[in-house]
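Just below is one structure, and these are the notes that go with it.
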Amino acid sequence: MTPTAPPALPPDALAAVERALEAHRGRPGALLPILHAVQDALGYVPPDALPTIAHALNLSRADVHGVVTFYHDFRDAPPGRHVVKLCRAEACQAVGSDELVRDVCARFGTELGHTRADGAVTLEPVYCLGNCALGPSAMVDGELRGRVTASGLAAELPDVPAAPPGGAS
Amino acid sequence: MSAAPVRVFVPRDAAARSLGADAVARAVEAEAARRGTPVTVVRNGSRGMLWLEPLVEVETAAGRVGYGPVRAADVPGLLAQGMLTGGTHPLRIGRPEAHPFLARQQRLVFARCGVTDPLDLAAYEAHGGLAGLRAALGRSGAQVVEEVTTSGLRGRGGAGFPTGIKWKTVLDTPATQKYVVCNADEGDSGTFSDRMVMEGDPYLLLEGMAIAGVALGATVGWIYLRSEYPDAERVLTEAIARARAAGLLGPRVLGSDRAFDVELRRGAGAYVCGEETALLESLEGKRGIVRYRPPVPAVAGLWGKPTALNNVVTLASVPWILAHGGAAYRALGTGRSRGTLPFQLAGNVKHGGLVEAPFGLTLRQLIEDFGGGTRSGLPVKAVQVGGPLGAYLPEADLDVPLDYEALTTKDAILGHGGVVVFDETCDMAALARYAMEFCAIESCGKCTPCRIGSTRGVEVIDRIVAGTQRAKNVALLEDLCETLTHASLCALGGLTPLPVRSALKHFPEDFGLERAVAARPGAGRP
């Protein structure tokens with residue numbers, strides 16, 4: 001399909017990229033829908049997929065790289081088995097989200113914006129989930145949670161073992 | 001039993017689901033089956049009494065009776081005490097409409113939200129839906145625009161620009177293609193009215209967009225929805241499909257000779273894409289970089305075509321205006337702020353939720369009468385109105401009426417109507433620092449004051465708090481804020497000084513300052 005040799009994408013990832021291109025390339029402003037489709041399928045947008053996407057849309061690699069890196073949503077590496085987004089915005093701060101972030105990071109042994117070394121969980125900051133009367137809010141694997149506590153989160157994710165000592169990545 | 005199934009309403013709104021509404025719905029079905037009582041569980045929108053979520057309602061011979069907040073574990077006890085016939089229980093709140101929180105509201109946009117199944121188009125119509133679109137289809141574009149102009153409706157996304165003027169510009173600009181774009185990138189902390197419309201009454205938004213489309217000669221509408229709202233995405237996707245199947249959208253809108261269809265697009269986590277020109281760039285598949293204006297989007301917007309770009313609540317206000325007349329809408333409100341605004345009461349507040357009322361309500365009425373004070377029970381220290389770019393107001397300013405002009409007299413903005421309450425434990429210097437940090441994280445990077453100034457702002461606030469050359473650094477912060485205010489391309493950089501300066505002006509002690517230092521001439525003035 002491409003004149004240059006395709007980069008080293010694993011076959012299943014390449015298939016996901018091709019499906020995304022097939023579904024959306026004809027739409028106006030197709031790049032974001034394509035990137036979302038790739039991330040929905042793979043959990044991230046592999047950097048090696050960008051040349052293929054760029055070629056399909058007749059864009060430069062720089063254009064596509066610029067878009068991927070502009071938006072907070074797109075990851076360049078696979079996330080952990082669970083993705084927990086913690087709201088850092090004002091309404092949640094008013095009900096203790098700063099403490100919640102500290103407690104969750106300590107309990108899970110990693111930082112916002114990081115995936116734990118064992119791949120069990122990724123913690124990400126988010127700036128408002130629209131649940132501002134019931135904060136602190138979080139999104140756990142795509143599902144909104146209100147009045148969140150660190151212990152409640154831990155109970156919801158029993159397959160994320162407590163942080164190994166000094167195990168922050 | 002031969003009796004008809006009892007209808008039980010359990011909201012599908014994301015806020016209700018965030019506290020376990022799905023488990024409650026399953027528990028109601030399971031427990032009713034166990035007891036041999038047929039029930040039909042309807043997943044409605046939220047009434048907006050969010051502290052009572054999940055709020056379960058039962059349809060009885062005497063009307064609907066509410067119970068909340070209900071946890072799945074409460075369900076067996078509720079049914080045992082006769083919930084399905086409206087029986088008494090500590091969680092019973094009676095008729096929801098009679099609850100003081102709702103009884104004191106005047107709901108135009110949110111009239112159906114929480115009452116109906118959001119995806120039931122027949123229920124939408126039975127509760128007054130589509131009357132506005134039908135009225136619009138019987139009139140010329142100019143007449144529809146005139147009606148909207150008469151209403152005095154202003155943009156509910158935050159800028160407050162008169163919708164009628166924007167629409168007239170689109171109408172009067174000749175073009176082969178025009179667009180309607182709905183800004184559903186509701187990024188302001190403390191706001192959720194767009195989300196509640198989209199999840200609780202999605203056809204209202206589609207009807208508002210269709211009115212704009214048929215009036216302005218735009219055949220295509222786009223909804224730019226933030227990715228943080230997956231529930232809204234699910235509801236809207238289904239609503240659009242059903243609206244097409246029913247002929248509300250498509251080549252012949254409601255059987256007329258006018259075409260209008262809607263496409264939903266998901267944002268990707270960039271706050272700045274709520275700025276209208278950055279949003280257009282993003283829709284076009286590019287980085288969400290702010291455009292220079294002019295030209296305004298109404299003249300050259302999406303792909304250079306005239307574009308009516310409006311917030312969700314703005315568009316959702318239009319069907320009522322067309323159905324009841326612009327004059328009736330204009331009769332509500334105060335000064336140059338006409339009609340109603342869905343205020344959103346959030347943060348550290350006991351009874352948080354959605355309060356739709358005519359402009360002119362005071363902040364104190366909202367927080368004390370509706371909100372019942374703070375959730376923590378501690379005194380209110382500060383209230384941020386209008387999202388992360390809005391000012392922090394001290395307790396002494398709570399008697400300000402909520403309208404666009406009155407708030408500017410307090411160096412504040414109304415924005416999208418979000419009200420975030422903080423109790424006395426909050427640290428205003430930390431919140432001012434956060435405002436600069438947020439601006440740095442979300443800046444699109446096009447203009448220097450916002451891109452660089454936000455990071456410098458964090459550093460200067462850190463130095464003030466650390467006690468390093470305080471007076472000098474306060475002057476520097478003021479100077480920086482002045483530059484951001486006047487030299488930024490859009491509201492992100494231009495308004496970030498509002499929370500920073502208001503925090504410094506009203507709460508200098510939190511920065512380690514004497515009141516006199518912060519109150520010197522010029523300090524805290526926008």
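Chain labels A, B, ... are given in the sequence in which chains occur in the structure tokens; within each chain residues are numbered consecutively from 1, and ligands are likewise numbered from 1 in the order shown.
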### Task
Compile the residues of chain B that lie within 6 Å of chain A, evaluated using only C-alpha atoms, and express the compilation as a list in words.
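Here is what falls inside 6 Å: Ala15, Ser18, Leu19, Ser189, Gly190, Phe192, Glu228, Ala268, Gly269, Ala270, Glu284, Gly285, Lys286, Arg287, Ala346, Gly347, Asn348, Gly352, Val420 and Phe422 of chain B.
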### Message
Which of stretch 10-112 of chain A end up as strand (DSSP E or B) when DSSP is run on this backbone - answer as a PyMOL selection string?
### Response
chain A and resi 82-87
### Task
With a distance cut-off of 10 Å and only C-alpha atoms, select the neighbouring residues of B:Arg291, excluding the residue or stretch itself and same-chain residues fewer than 4 positions from it, and output the selection as a list in words.
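So, after excluding close chain neighbours, the residues are Glu275, Glu276, Thr277, Ala278, Leu279, Leu280, Glu281, Pro295, Val296, Pro297, Lys446, Leu489 and Cys490 of chain B.
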### Query
Can you tell me, as a count of residues only, what residues are no more than 7 Å from stretch 236-244 of chain B when counting only C-alpha atoms, ignoring any on the same chain fewer than 3 positions away?
10
### Secondary structure check, alpha helix (DSSP H) residues of stretch 14-158 of chain A, as a ChimeraX atom specification
/A:14-24,31-42,50-57,61-70,90-93,97-108,150-156
Residue contacts of B:Tyr404 (9 Å, only C-alpha atoms) excluding same-chain residues fewer than 3 positions away, as a PDB file with N, CA and C atoms, in the first residue's frame:
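After the write, result.pdb holds the following:
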```
ATOM      1  N   GLY B 160     -21.150  35.239  26.041  1.00  0.00           N
ATOM      2  CA  GLY B 160     -22.348  36.066  26.161  1.00  0.00           C
ATOM      3  C   GLY B 160     -22.651  36.921  24.943  1.00  0.00           C
ATOM      4  N   GLY B 335     -31.872  43.291  33.246  1.00  0.00           N
ATOM      5  CA  GLY B 335     -30.923  44.097  32.477  1.00  0.00           C
ATOM      6  C   GLY B 335     -30.762  43.571  31.059  1.00  0.00           C
ATOM      7  N   ARG B 336     -29.510  43.350  30.666  1.00  0.00           N
ATOM      8  CA  ARG B 336     -29.247  42.828  29.332  1.00  0.00           C
ATOM      9  C   ARG B 336     -29.058  41.313  29.346  1.00  0.00           C
ATOM     10  N   SER B 337     -29.336  40.690  30.476  1.00  0.00           N
ATOM     11  CA  SER B 337     -29.259  39.234  30.589  1.00  0.00           C
ATOM     12  C   SER B 337     -30.684  38.695  30.600  1.00  0.00           C
ATOM     13  N   PHE B 359     -32.006  35.040  35.119  1.00  0.00           N
ATOM     14  CA  PHE B 359     -30.871  35.823  35.599  1.00  0.00           C
ATOM     15  C   PHE B 359     -31.340  36.754  36.714  1.00  0.00           C
ATOM     16  N   LEU B 407     -21.726  41.010  37.280  1.00  0.00           N
ATOM     17  CA  LEU B 407     -20.482  40.354  37.687  1.00  0.00           C
ATOM     18  C   LEU B 407     -19.256  41.124  37.225  1.00  0.00           C
ATOM     19  N   THR B 408     -19.362  41.801  36.077  1.00  0.00           N
ATOM     20  CA  THR B 408     -18.188  42.556  35.626  1.00  0.00           C
ATOM     21  C   THR B 408     -17.891  43.711  36.583  1.00  0.00           C
ATOM     22  N   ILE B 413     -16.593  37.203  35.993  1.00  0.00           N
ATOM     23  CA  ILE B 413     -17.392  36.830  34.818  1.00  0.00           C
ATOM     24  C   ILE B 413     -18.406  35.755  35.220  1.00  0.00           C
ATOM     25  N   LEU B 414     -19.476  35.687  34.439  1.00  0.00           N
ATOM     26  CA  LEU B 414     -20.479  34.648  34.684  1.00  0.00           C
ATOM     27  C   LEU B 414     -20.105  33.359  33.951  1.00  0.00           C
ATOM     28  N   GLY B 415     -19.451  33.534  32.797  1.00  0.00           N
ATOM     29  CA  GLY B 415     -18.996  32.364  32.041  1.00  0.00           C
ATOM     30  C   GLY B 415     -20.150  31.456  31.665  1.00  0.00           C
TER      31      GLY B 415
END
```
### Atom pair atom CA of B:Ala30 / atom CA of B:Gly66: separation (Å)
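Result for atom CA of B:Ala30 versus atom CA of B:Gly66: 19.4 Å, one decimal.
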I want to know what sits within 7 Å of A:Leu100, based on only C-alpha atoms, with residues of the same chain fewer than 3 positions away left out; could you give that as a compact mmCIF listing (two decimals) with C-alpha atoms, in the first residue's frame?
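Dumped everything to around.txt:
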```txt
# COMPACT_ATOMS: atom_id res chain seq x y z
CA GLY A 96 -9.99 17.29 48.77
CA SER A 97 -8.74 16.01 45.42
CA ASP A 103 -3.09 9.00 48.63
CA VAL A 104 -3.80 7.17 45.38
CA THR A 149 -11.67 7.70 48.13
CA ALA A 150 -8.31 5.99 47.83
```
### Query
Any idea what's packed within 9 Å of B:Trp222, counting only C-alpha atoms, ignoring anything in its chain fewer than 2 positions away? Could you give it as a PyMOL selection string?
chain B and resi 179-183+209+220+224+261-265+283
### Query
From the list B:Ala491, B:Leu363, B:Val109, B:Ile165, which residue is nearest B:Val272 when using only C-alpha atoms?
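Of the candidates, the smallest distance to B:Val272 is held by B:Ala491.
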### Task
Figure out the distance between atom CA of B:Tyr329 and atom CA of B:Phe260, please, to one decimal in Å.
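Going from atom CA of B:Phe260 over to atom CA of B:Tyr329 covers 25.8 Å.
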### Task
Take atom CA of B:Arg71 and atom CA of B:Pro38 and report the distance between them in Å, one decimal.
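Atom-to-atom, atom CA of B:Arg71 to atom CA of B:Pro38, that is 20.8 Å.
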